[in-house]
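Chemist: Below you'll find the structure I mean.
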Amino acid sequence: MTPKNETRWSVGGWRGLLLWKKIAFALALGATLGIFLNMSGNQAIAESIKLIGTAFIAAIKMLIVPLVFISLVSGMTSVSDMARMGRIGIKTIAFYLGTTAFAITIGVGIAVIVQPGVGIELGQVTAPEAREAPSLIQTLIGIIPNNPVAAAADGNILQIIFFAILFGLAINLAGEPAKPLRNIFDALNAAILKLTEIVIAFAPYGVFALIAWVAGTYGLDVLLPLGKIIFALYLGCVIHGLVVYGGLITLVAKLNPLRFFQGIFEPQMVAFTSTSSSGTLPVTMTAVQQNLGVGRSVSSFTLPLGATINMDGTCMYQGVAAIFVAQAFGVDLSTTDYLTIILTSTLASIGTAGVPGAGLVMLSLVLTSVGLPLEGVAVIAGIDRILDMARTALNVTGDAACTVLVAKSEDDLDEDVYNIPHCLKTPV
């Protein structure tokens with residue numbers, strides 16, 4: 001007869017662990033394996049392991065368009081008060097712009113103190129081609145899809161959001177004749193959320209594979225020479241997350257910040273390893289609803305919008321990178337230059353929303369605005385994946401913080417669910 005303790009481990013050991021514990025274990029195991037493979041010269045094995053992570057990310061991306069469209073339409077049809085939806089939109093955009101300004105300011109301040117570019121010899125490097133960011137007017141007009149089906153096929157989230165909002169509004173205005181359609185979208189929403197749960201259950205394996213690939217590809221030899229810029233960005237992300245987001249959760253929402261960070265651990269880790277805010281969206285939506293008690297009418301709007309336009313982590317990266325380039329090339333920046341970097345990064349985050357390669361577009365704009373050479377981008381590009389991991393995790397944390405704050409202000413937050421310790425919640 002099998003001993004009782006052994007039975008518990010074999011049946012409920014791994015399967016009985018909470019998802020965030022599985023992901024944390026997978027992250028540590030993957031990093032250890034990756035470093036070992038790099039040191040032993042087996043980078044090819046790390047590359048082959050990446051296939052598991054690539055498959056997981058593909059499954060996540062499969063959910064993005066139907067999840068955004070269905071959940072947003074379903075959320076819109078559940079809100080009969082259009083004034084309330086307007087308030088949610090204003091609060092969301094104000095939060096994203098306000099925290100973006102804080103992020104770039106923190107990034108510049110830390111870079112000035114840490115001095116990541118001092119002692120770095122850039123030498124002769126080739127700068128990637130700078131692209132011009134679209135104007136704000138072009139961005140706003142570009143939100144309107146010429147063809148909603150094409151927007152869905154291209155994964156243009158802003159256009160999908162715009163069409164979904166109008167479609168949900170039309171269902172509400174149509175009244176009783178559109179009630180069957182409203183019921184269909186509610187049923188579709190339940191189905192897509194269940195499918196999301198199924199995919200998310202494989203997150204630990206995807207995280208393990210991706211972090212093993214990153215550690216196995218880069219290794220310590222590549223990271224150490226540019227360790228100061230990596231340290232500066234990661235430190236800035238931690239400070240922004242704890243002080244700005246944690247402070248807003250504590251002081252404005254009057255909620256326990258520890259519960260908040262526990263509740264979003266899964267999307268943070270998926271964002272950290274996948275480096276995709278949009279790709280993490282299904283995980284984030286599930287976490288804020290199930291772990292933090294946010295209502296669907298709020299999360300279905302704030303999260304898709306945040307995954308597209310919230311650039312806190314990216315803007316902080318601009319500040320750190322700009323100071324790094326200035327120091328590496330021996331350029332002394334004035335107070336006006338620092339203010340220009342902050343203002344340009346904040347405004348550029350609006351114009352480059354939804355643009356592929358937005359990080360490069362924004363960095364090119366920032367460097368140009370203060371007369372810094374674009375050649376510095378080529379060196380940073382070598383460790384961009386490492387930097388992207390931190391800034392994407394911060395972006396996703398900001399999306400969740402905004403959602404909780406807006407839900408609290410709109411009385412659409414179940415605080416009983418929010419306050420349940422994460423360790424007592426049902427395993428996935």
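In the structure tokens, each chain is lettered A, B, ... as it comes, each chain's residues begin at 1, and ligands are numbered from 1 in order of appearance.
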So which residues touch A:Gly313 within 6 Å, counting only C-alpha atoms, skipping near sequence neighbours fewer than 2 positions away, as a PyMOL selection string?

Modeler: chain A and resi 311+315-316+391+394-395

Chemist: Put those residues in a file: C-alpha atoms, as an mmCIF file, in the first residue's frame.

Modeler:
data_model
loop_
_atom_site.group_PDB
_atom_site.id
_atom_site.type_symbol
_atom_site.label_atom_id
_atom_site.label_comp_id
_atom_site.auth_asym_id
_atom_site.auth_seq_id
_atom_site.Cartn_x
_atom_site.Cartn_y
_atom_site.Cartn_z
ATOM 1 C CA MET A 311 4.546 52.300 -22.510
ATOM 2 C CA CYS A 315 9.710 54.948 -21.802
ATOM 3 C CA MET A 316 11.939 54.128 -18.850
ATOM 4 C CA ARG A 391 10.203 46.697 -19.522
ATOM 5 C CA LEU A 394 6.565 46.616 -16.015
ATOM 6 C CA ASN A 395 4.108 47.445 -18.814
#

Chemist: Write out as a PyMOL selection string which residues come within 10 Å of stretch 147-158 of chain A when counting only C-alpha atoms, dropping same-chain ones fewer than 2 positions away.

Modeler: chain A and resi 61+64-66+68-69+139-140+142-145+160-164+278+304-305+307-309+353-355

Chemist: Sort by chain and increasing residue number a table of all residues of stretch 255-332 of chain A within 12 Å of stretch 73-77 of chain A, each with its closest pair of atoms and their distance in Å to one decimal, counting only C-alpha atoms, and write it as JSON lines.

Modeler:
{"residue": "A:Gly295", "atom": "CA", "partner": "A:Gly75", "partner_atom": "CA", "distance": 9.2}
{"residue": "A:Arg296", "atom": "CA", "partner": "A:Gly75", "partner_atom": "CA", "distance": 6.0}
{"residue": "A:Ser297", "atom": "CA", "partner": "A:Gly75", "partner_atom": "CA", "distance": 4.4}
{"residue": "A:Val298", "atom": "CA", "partner": "A:Gly75", "partner_atom": "CA", "distance": 7.6}
{"residue": "A:Ser299", "atom": "CA", "partner": "A:Gly75", "partner_atom": "CA", "distance": 8.5}
{"residue": "A:Ser300", "atom": "CA", "partner": "A:Gly75", "partner_atom": "CA", "distance": 6.1}
{"residue": "A:Phe301", "atom": "CA", "partner": "A:Gly75", "partner_atom": "CA", "distance": 7.8}
{"residue": "A:Thr302", "atom": "CA", "partner": "A:Gly75", "partner_atom": "CA", "distance": 11.1}

Chemist: Take the residues from that selection and put them in a file with all heavy atoms, as a PDB file, in the first residue's frame.

Modeler:
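Written file, result-v8.pdb:
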ATOM      1  N   GLY A 295     -14.163  43.530 -12.213  1.00  0.00           N
ATOM      2  CA  GLY A 295     -15.312  43.224 -13.057  1.00  0.00           C
ATOM      3  C   GLY A 295     -14.946  43.192 -14.527  1.00  0.00           C
ATOM      4  O   GLY A 295     -14.021  43.878 -14.981  1.00  0.00           O
ATOM      5  N   ARG A 296     -15.679  42.396 -15.278  1.00  0.00           N
ATOM      6  CA  ARG A 296     -15.394  42.229 -16.705  1.00  0.00           C
ATOM      7  C   ARG A 296     -15.606  43.516 -17.491  1.00  0.00           C
ATOM      8  O   ARG A 296     -14.902  43.782 -18.460  1.00  0.00           O
ATOM      9  CB  ARG A 296     -16.291  41.108 -17.252  1.00  0.00           C
ATOM     10  CG  ARG A 296     -16.115  40.819 -18.722  1.00  0.00           C
ATOM     11  CD  ARG A 296     -16.737  39.463 -19.073  1.00  0.00           C
ATOM     12  NE  ARG A 296     -18.108  39.368 -18.592  1.00  0.00           N
ATOM     13  CZ  ARG A 296     -19.164  39.761 -19.304  1.00  0.00           C
ATOM     14  NH1 ARG A 296     -18.983  40.292 -20.502  1.00  0.00           N
ATOM     15  NH2 ARG A 296     -20.380  39.621 -18.843  1.00  0.00           N
ATOM     16  N   SER A 297     -16.577  44.340 -17.087  1.00  0.00           N
ATOM     17  CA  SER A 297     -16.865  45.562 -17.839  1.00  0.00           C
ATOM     18  C   SER A 297     -15.694  46.534 -17.824  1.00  0.00           C
ATOM     19  O   SER A 297     -15.524  47.323 -18.751  1.00  0.00           O
ATOM     20  CB  SER A 297     -18.117  46.248 -17.278  1.00  0.00           C
ATOM     21  OG  SER A 297     -17.906  46.654 -15.932  1.00  0.00           O
ATOM     22  N   VAL A 298     -14.869  46.486 -16.787  1.00  0.00           N
ATOM     23  CA  VAL A 298     -13.694  47.355 -16.706  1.00  0.00           C
ATOM     24  C   VAL A 298     -12.489  46.697 -17.363  1.00  0.00           C
ATOM     25  O   VAL A 298     -11.826  47.282 -18.220  1.00  0.00           O
ATOM     26  CB  VAL A 298     -13.361  47.714 -15.239  1.00  0.00           C
ATOM     27  CG1 VAL A 298     -12.018  48.439 -15.152  1.00  0.00           C
ATOM     28  CG2 VAL A 298     -14.455  48.577 -14.640  1.00  0.00           C
ATOM     29  N   SER A 299     -12.191  45.469 -16.988  1.00  0.00           N
ATOM     30  CA  SER A 299     -10.981  44.807 -17.481  1.00  0.00           C
ATOM     31  C   SER A 299     -11.004  44.579 -18.982  1.00  0.00           C
ATOM     32  O   SER A 299      -9.954  44.610 -19.636  1.00  0.00           O
ATOM     33  CB  SER A 299     -10.775  43.469 -16.760  1.00  0.00           C
ATOM     34  OG  SER A 299     -11.862  42.603 -16.980  1.00  0.00           O
ATOM     35  N   SER A 300     -12.188  44.364 -19.558  1.00  0.00           N
ATOM     36  CA  SER A 300     -12.271  44.119 -20.996  1.00  0.00           C
ATOM     37  C   SER A 300     -11.956  45.365 -21.807  1.00  0.00           C
ATOM     38  O   SER A 300     -11.713  45.284 -23.014  1.00  0.00           O
ATOM     39  CB  SER A 300     -13.668  43.596 -21.370  1.00  0.00           C
ATOM     40  OG  SER A 300     -14.663  44.561 -21.064  1.00  0.00           O
ATOM     41  N   PHE A 301     -11.960  46.529 -21.149  1.00  0.00           N
ATOM     42  CA  PHE A 301     -11.610  47.769 -21.840  1.00  0.00           C
ATOM     43  C   PHE A 301     -10.195  48.229 -21.509  1.00  0.00           C
ATOM     44  O   PHE A 301      -9.400  48.522 -22.397  1.00  0.00           O
ATOM     45  CB  PHE A 301     -12.610  48.880 -21.466  1.00  0.00           C
ATOM     46  CG  PHE A 301     -12.276  50.213 -22.071  1.00  0.00           C
ATOM     47  CD1 PHE A 301     -12.635  50.497 -23.376  1.00  0.00           C
ATOM     48  CD2 PHE A 301     -11.599  51.173 -21.346  1.00  0.00           C
ATOM     49  CE1 PHE A 301     -12.319  51.723 -23.961  1.00  0.00           C
ATOM     50  CE2 PHE A 301     -11.280  52.401 -21.906  1.00  0.00           C
ATOM     51  CZ  PHE A 301     -11.640  52.681 -23.222  1.00  0.00           C
ATOM     52  N   THR A 302      -9.857  48.281 -20.223  1.00  0.00           N
ATOM     53  CA  THR A 302      -8.568  48.852 -19.812  1.00  0.00           C
ATOM     54  C   THR A 302      -7.380  47.990 -20.227  1.00  0.00           C
ATOM     55  O   THR A 302      -6.327  48.522 -20.603  1.00  0.00           O
ATOM     56  CB  THR A 302      -8.526  49.060 -18.289  1.00  0.00           C
ATOM     57  OG1 THR A 302      -8.750  47.796 -17.635  1.00  0.00           O
ATOM     58  CG2 THR A 302      -9.590  50.045 -17.838  1.00  0.00           C
TER      59      THR A 302
END

Chemist: Skip A:Gly30 itself and residues of its chain fewer than 2 positions away, then list as number ranges by chain all residues within 9 Å of it, counting only C-alpha atoms.

Modeler: A: 25-28, 32-35, 207-213, 215

Chemist: Considering only C-alpha atoms, return as a PyMOL selection string whatever protein or nucleic-acid residues lie within 8 Å of A:Gln327, sequence-local ones (same chain, fewer than 6 positions apart) excluded.

Modeler: chain A and resi 115-118

Chemist: Which residues come within 12 Å of A:Ala178, counting only C-alpha atoms, excluding same-chain residues fewer than 5 positions away, as a ChimeraX atom specification?

Modeler: /A:77,167-173,183-185

Chemist: Between atom CA of A:Val270 and atom CA of A:Phe56, what is the spacing in Å?

Modeler: 10.2 Å

Chemist: Extract, using only C-alpha atoms, all DNA, RNA and protein residues at most 8 Å from stretch 253-255 of chain A, discarding same-chain residues fewer than 2 positions from it, and format them as a list in words.

Modeler: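 The residues that qualify are Leu248, Ile249, Thr250, Leu251, Pro257, Leu405, Lys408 and Ser409 of chain A.
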
Chemist: Find, counting only C-alpha atoms, the residue in A:Met39, A:Thr280, A:Gly371, A:Phe102 that gets nearest to A:Ala58.

Modeler: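 Closest to A:Ala58 of all the choices is A:Thr280.
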
Chemist: Env of A:Glu410: 9 Å cut, atoms = only C-alpha atoms, seq-sep filter 2 positions within chain, self excluded. Answer as a PDB file with N, CA, C and O atoms, in the first residue's frame.

Modeler:
ATOM      1  N   ARG A  84     -20.735  56.146 -17.961  1.00  0.00           N
ATOM      2  CA  ARG A  84     -19.786  55.379 -17.165  1.00  0.00           C
ATOM      3  C   ARG A  84     -18.632  54.888 -18.031  1.00  0.00           C
ATOM      4  O   ARG A  84     -17.472  54.938 -17.618  1.00  0.00           O
ATOM      5  N   ARG A  87     -16.280  57.675 -18.577  1.00  0.00           N
ATOM      6  CA  ARG A  87     -15.441  57.914 -17.402  1.00  0.00           C
ATOM      7  C   ARG A  87     -14.296  56.913 -17.340  1.00  0.00           C
ATOM      8  O   ARG A  87     -13.146  57.267 -17.030  1.00  0.00           O
ATOM      9  N   ILE A  88     -14.611  55.656 -17.617  1.00  0.00           N
ATOM     10  CA  ILE A  88     -13.583  54.609 -17.592  1.00  0.00           C
ATOM     11  C   ILE A  88     -12.482  54.932 -18.606  1.00  0.00           C
ATOM     12  O   ILE A  88     -11.293  54.803 -18.321  1.00  0.00           O
ATOM     13  N   VAL A 298     -14.869  46.486 -16.787  1.00  0.00           N
ATOM     14  CA  VAL A 298     -13.694  47.355 -16.706  1.00  0.00           C
ATOM     15  C   VAL A 298     -12.489  46.697 -17.363  1.00  0.00           C
ATOM     16  O   VAL A 298     -11.826  47.282 -18.220  1.00  0.00           O
ATOM     17  N   LEU A 405      -7.350  50.142 -10.154  1.00  0.00           N
ATOM     18  CA  LEU A 405      -7.701  51.493  -9.697  1.00  0.00           C
ATOM     19  C   LEU A 405      -9.011  51.974 -10.322  1.00  0.00           C
ATOM     20  O   LEU A 405      -9.867  52.539  -9.641  1.00  0.00           O
ATOM     21  N   VAL A 406      -9.161  51.741 -11.616  1.00  0.00           N
ATOM     22  CA  VAL A 406     -10.401  52.153 -12.289  1.00  0.00           C
ATOM     23  C   VAL A 406     -11.586  51.345 -11.766  1.00  0.00           C
ATOM     24  O   VAL A 406     -12.662  51.899 -11.504  1.00  0.00           O
ATOM     25  N   ALA A 407     -11.392  50.035 -11.592  1.00  0.00           N
ATOM     26  CA  ALA A 407     -12.472  49.199 -11.070  1.00  0.00           C
ATOM     27  C   ALA A 407     -12.878  49.638  -9.670  1.00  0.00           C
ATOM     28  O   ALA A 407     -14.075  49.683  -9.334  1.00  0.00           O
ATOM     29  N   LYS A 408     -11.910  49.978  -8.846  1.00  0.00           N
ATOM     30  CA  LYS A 408     -12.206  50.449  -7.490  1.00  0.00           C
ATOM     31  C   LYS A 408     -13.006  51.744  -7.526  1.00  0.00           C
ATOM     32  O   LYS A 408     -13.990  51.908  -6.792  1.00  0.00           O
ATOM     33  N   ASP A 412     -16.510  48.453  -9.108  1.00  0.00           N
ATOM     34  CA  ASP A 412     -16.603  47.213  -9.876  1.00  0.00           C
ATOM     35  C   ASP A 412     -15.470  46.268  -9.474  1.00  0.00           C
ATOM     36  O   ASP A 412     -14.933  45.538 -10.298  1.00  0.00           O
ATOM     37  N   LEU A 413     -15.093  46.321  -8.184  1.00  0.00           N
ATOM     38  CA  LEU A 413     -14.031  45.470  -7.656  1.00  0.00           C
ATOM     39  C   LEU A 413     -14.571  44.656  -6.491  1.00  0.00           C
ATOM     40  O   LEU A 413     -15.076  45.220  -5.518  1.00  0.00           O
TER      41      LEU A 413
END
